[in-house]
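Report on one structure; see the data block that follows.
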Amino acid sequence: MERPPSVDALARSLAGSGLPHPILVDIARRAIADDAVEDAPRRADDYRRTLLVPVVNATGVLLHTNLGRAPLAHSQPARAQSLELDLATGERGSRQRAVGQLFARLCGAEAAMVVNNNAAAVLLVLAALAAGRQVPVSRGESVEIGGGFRVPEVMEQSGARLVDVGTTNRTRLADYAKALGGQGADVALVLKVHPSNYRLDGFVEDTSVAELATLGPPVVVDLGSGLVDATCPWLSGPPPAWLAGEPAAVQTLAAGAAVVTFSGDKLLGGPQAGIIAGRADLVDRCARHPLARALRPGGLVLSALQDIALAYLRRDAAATIAFWRQATVPTDELAVRARAIAAGTGGEAVATEALPGAGSAPGASIPSWGVAVGGDHLAGLRAHDPPVIARAAGGTTVLDLRAVEPADDVVLVAALDGLRRGAAEA
């Protein structure tokens with residue numbers, strides 16, 4: 001019988017995979033133990049594909065949670081930064097100051113701070129402002145969103161006590177007032193929650209922030225998606241139609257909210273983070289709570305958020321933030337690109353409907369264009385290098401261009417050509 005190669009020799013033969021030698025040793029050892037030496041290269045490739053790699057998002061979902069939500073390019077020199085150093089005094093400073101002051105200005109708030117995601121922002125606000133006390137929430141807003149984030153469970157972990165008010169489809173101001181005036185009521189704040197992908201139509205009614213602000217307790221609004229300003233002053237034209245009805249930080253605070261929370265990696269177009277903005281005394285209580293240290297972001301996130309905030313304040317976000325650049329590309333430009341790709345690959349250029357994604361602007365869509373090919377080719381496209389992530393329905397695969405950078409059109413052409421060659425060889 002032919003002796004198998006040594007573990008080291010087999011591992012060295014897999015060096016072309018780019019994986020570190022210790023990983024290749026593990027793969028080689030298992031392949032030899034399984035009497036599957038010839039399968040070692042495939043196993044190395046399979047392992048490599050479990051690592052984080054860049055992909056081309058041709059799903060038509062701009063903020064795709066599985067693909068990291070907002071695409072973000074950020075770089076900084078490998079140097080120390082003034083993360084918690086006050087340059088004026090030389091003393092220790094706050095890591096929240098630099099970015100907090102920018103987001104406060106951006107949102108029209110007295111103060112702002114940052115934590116590592118919006119779920120953490122909601123948890124911290126409730127723990128700091130309402131632990132052991134009651135928080136009325138409309139039954140229609142006591143929701144579960146992606147990843148198992150449930151409002152009642154987050155509230156339980158914070159120590160606040162949930163008080164359901166109204167009904168699933170209709171909650172009036174009187175429902176909140178009843179909760180405030182009930183026997184033994186000890187209400188710390190009123191919470192209003194963005195329903196994310198959950199939406200009710202028909203016989204529905206909710207209570208506005210302005211109405212809630214008349215009740216007395218602070219109104220905290222979980223905006224979720226992170227639209228900064230409903231007027232979108234960073235765009236050259238009016239706000240896009242798909243944003244109609246999406247709550248924004250500037251307008252929500254102006255309407256009387258004491259605190260708003262929102263995500264950094266959704267409509268803001270930045271890294272994963274949670275922003276807390278509002279009254280200075282309330283934000284300060286959040287910053288001084290013990291949980292704030294556990295939930296604080298690192299220097300890389302804060303540096304990236306600083307760049308994002310400055311882009312909004314300069315009003316050039318439409319050009320410098322990838323999400324807004326992709327969301328506002330004229331449909332005619334996408335159609336030209338789709339026809340060019342289709343002509344070179346045998347596909348068909350088709351009009352499509354893209355989605356904002358990640359619970360942003362639920363029910364809204366954005367006109368787009370893509371390339372359609374017959375059959376379900378999702379697995380083959382994922383196997384391309386770099387992987388192309390598309391969508392398939394009704395026996396057709398569609399590569400939507402709304403979230404594809406023009407420089408990646410050549411990747412789509414190569415991936416589609418690979419499918420054609422594979423079909424011809426089959």
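Following the order of the structure tokens, chains are lettered A, B, ..., residues in each are numbered from 1, and ligands are numbered from 1.
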Please report as JSON lines every residue of region 336-375 of chain A lying within 10 Å of region 398-408 of chain A, along with the nearest atom pair and their distance in Å (one decimal), using only C-alpha atoms.
{"residue": "A:Arg337", "atom": "CA", "partner": "A:Pro406", "partner_atom": "CA", "distance": 8.0}
{"residue": "A:Ala338", "atom": "CA", "partner": "A:Leu401", "partner_atom": "CA", "distance": 7.3}
{"residue": "A:Gly347", "atom": "CA", "partner": "A:Val398", "partner_atom": "CA", "distance": 9.5}
{"residue": "A:Glu348", "atom": "CA", "partner": "A:Val398", "partner_atom": "CA", "distance": 9.3}
{"residue": "A:Ala349", "atom": "CA", "partner": "A:Val398", "partner_atom": "CA", "distance": 9.4}
{"residue": "A:Val350", "atom": "CA", "partner": "A:Val398", "partner_atom": "CA", "distance": 8.5}
{"residue": "A:Ala351", "atom": "CA", "partner": "A:Asp400", "partner_atom": "CA", "distance": 8.9}
{"residue": "A:Thr352", "atom": "CA", "partner": "A:Asp400", "partner_atom": "CA", "distance": 7.1}
{"residue": "A:Glu353", "atom": "CA", "partner": "A:Asp400", "partner_atom": "CA", "distance": 8.5}
{"residue": "A:Ala354", "atom": "CA", "partner": "A:Arg402", "partner_atom": "CA", "distance": 6.7}
{"residue": "A:Leu355", "atom": "CA", "partner": "A:Arg402", "partner_atom": "CA", "distance": 9.1}
{"residue": "A:Pro356", "atom": "CA", "partner": "A:Ala403", "partner_atom": "CA", "distance": 9.8}
{"residue": "A:Ile366", "atom": "CA", "partner": "A:Arg402", "partner_atom": "CA", "distance": 8.6}
{"residue": "A:Pro367", "atom": "CA", "partner": "A:Arg402", "partner_atom": "CA", "distance": 8.6}
{"residue": "A:Ser368", "atom": "CA", "partner": "A:Arg402", "partner_atom": "CA", "distance": 5.9}
{"residue": "A:Trp369", "atom": "CA", "partner": "A:Asp400", "partner_atom": "CA", "distance": 6.0}
{"residue": "A:Gly370", "atom": "CA", "partner": "A:Asp400", "partner_atom": "CA", "distance": 4.1}
{"residue": "A:Val371", "atom": "CA", "partner": "A:Leu399", "partner_atom": "CA", "distance": 5.2}
{"residue": "A:Ala372", "atom": "CA", "partner": "A:Val398", "partner_atom": "CA", "distance": 4.4}
{"residue": "A:Val373", "atom": "CA", "partner": "A:Val398", "partner_atom": "CA", "distance": 6.6}
{"residue": "A:Gly374", "atom": "CA", "partner": "A:Val398", "partner_atom": "CA", "distance": 8.8}
{"residue": "A:Gly375", "atom": "CA", "partner": "A:Val398", "partner_atom": "CA", "distance": 9.7}
Emit the selected residues as a short mmCIF file (atom, residue, chain, number, x, y, z; two decimals), in the first residue's frame, including N, CA and C atoms.
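Below is the file out37.cif, written as the result:
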data_model
loop_
_atom_site.label_atom_id
_atom_site.label_comp_id
_atom_site.auth_asym_id
_atom_site.auth_seq_id
_atom_site.Cartn_x
_atom_site.Cartn_y
_atom_site.Cartn_z
N ARG A 337 -25.66 50.17 -16.91
CA ARG A 337 -24.72 49.15 -16.43
C ARG A 337 -25.30 47.75 -16.59
N ALA A 338 -26.60 47.59 -16.28
CA ALA A 338 -27.23 46.27 -16.39
C ALA A 338 -27.22 45.78 -17.84
N GLY A 347 -27.11 37.34 -20.18
CA GLY A 347 -28.23 37.56 -19.27
C GLY A 347 -29.22 38.55 -19.83
N GLU A 348 -30.17 38.92 -19.02
CA GLU A 348 -31.19 39.88 -19.44
C GLU A 348 -31.24 41.03 -18.44
N ALA A 349 -31.16 42.26 -18.96
CA ALA A 349 -31.29 43.43 -18.09
C ALA A 349 -32.75 43.59 -17.70
N VAL A 350 -33.02 43.73 -16.40
CA VAL A 350 -34.40 43.81 -15.92
C VAL A 350 -34.54 44.92 -14.88
N ALA A 351 -35.69 45.56 -14.87
CA ALA A 351 -36.00 46.52 -13.81
C ALA A 351 -36.33 45.75 -12.54
N THR A 352 -35.85 46.23 -11.41
CA THR A 352 -36.05 45.54 -10.14
C THR A 352 -36.48 46.55 -9.07
N GLU A 353 -36.74 46.04 -7.89
CA GLU A 353 -37.04 46.87 -6.72
C GLU A 353 -36.06 46.49 -5.62
N ALA A 354 -35.20 47.43 -5.25
CA ALA A 354 -34.27 47.21 -4.15
C ALA A 354 -34.92 47.62 -2.84
N LEU A 355 -34.30 47.23 -1.73
CA LEU A 355 -34.83 47.53 -0.40
C LEU A 355 -33.78 48.23 0.43
N PRO A 356 -34.17 49.18 1.30
CA PRO A 356 -33.20 49.78 2.22
C PRO A 356 -32.58 48.73 3.12
N ILE A 366 -36.88 50.78 -3.48
CA ILE A 366 -36.16 51.75 -4.29
C ILE A 366 -36.04 51.19 -5.71
N PRO A 367 -36.51 51.90 -6.73
CA PRO A 367 -36.38 51.41 -8.10
C PRO A 367 -34.92 51.12 -8.44
N SER A 368 -34.70 50.01 -9.14
CA SER A 368 -33.33 49.60 -9.45
C SER A 368 -33.32 48.82 -10.75
N TRP A 369 -32.13 48.38 -11.14
CA TRP A 369 -31.96 47.51 -12.31
C TRP A 369 -30.98 46.41 -11.95
N GLY A 370 -31.13 45.28 -12.67
CA GLY A 370 -30.24 44.16 -12.45
C GLY A 370 -30.13 43.30 -13.68
N VAL A 371 -29.48 42.15 -13.51
CA VAL A 371 -29.30 41.19 -14.59
C VAL A 371 -29.91 39.86 -14.15
N ALA A 372 -30.77 39.30 -15.01
CA ALA A 372 -31.45 38.05 -14.70
C ALA A 372 -30.90 36.92 -15.57
N VAL A 373 -30.73 35.75 -14.96
CA VAL A 373 -30.33 34.55 -15.69
C VAL A 373 -31.23 33.41 -15.24
N GLY A 374 -31.56 32.53 -16.16
CA GLY A 374 -32.44 31.42 -15.83
C GLY A 374 -31.79 30.42 -14.88
N GLY A 375 -32.60 29.89 -13.96
CA GLY A 375 -32.11 28.90 -13.02
C GLY A 375 -31.68 29.51 -11.70
#
Legend entry - Polymer residues at most 12 Å from Ala104 (chain A), only C-alpha atoms, same-chain spacing of 6 or more positions, as a list in words: Gln96, Arg97, Ala98, Glu110, Ala111, Ala112, Met113, Val114, Val228, Ala249, Val250, Leu253, Val259, Val260, Thr261, Ile275, Ile276, Ala277, Gly278, Arg279, Ala280, Val283, Ala309 and Leu313 of chain A
Inset, instruction - Find the residue from A:Gly108, A:Gly132, A:Pro387, A:Pro217 that sits nearest to Val411 (chain A); use only C-alpha atoms when measuring. - result: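 Smallest separation from Val411 (chain A) among the options: A:Pro387.
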Inset, instruction - Can you work out which one of A:Arg95, A:Arg315, A:Arg139, A:Lys266 has the shortest atom-to-atom distance to Arg296 (chain A), counting only C-alpha atoms? - result: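 Going through A:Arg95, A:Arg315, A:Arg139, A:Lys266 one by one, the smallest distance to Arg296 (chain A) is for A:Arg95.
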Inset, instruction - Pick out the closest residue to Val165 (chain A) from this set: A:Gly18, A:Pro240, A:Gly395, A:Pro136. Count only C-alpha atoms. - result: A:Pro136
Using 10 Å as the limit and counting only C-alpha atoms, can you tabulate each residue of region 282-399 of chain A that touches region 46-49 of chain A, with its shortest atom-to-atom distance in Å and the two atoms involved, as JSON lines?
{"residue": "A:Arg382", "atom": "CA", "partner": "A:Arg49", "partner_atom": "CA", "distance": 9.9}
{"residue": "A:Ala383", "atom": "CA", "partner": "A:Arg49", "partner_atom": "CA", "distance": 9.0}
{"residue": "A:Asp385", "atom": "CA", "partner": "A:Arg49", "partner_atom": "CA", "distance": 9.9}
{"residue": "A:Pro387", "atom": "CA", "partner": "A:Arg49", "partner_atom": "CA", "distance": 9.4}
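Ranking A:Val301, A:Ala294, A:Leu180, A:Ala258 by their shortest atom-to-atom distance to Leu129 (chain A), with only C-alpha atoms included, puts A:Ala258 first.
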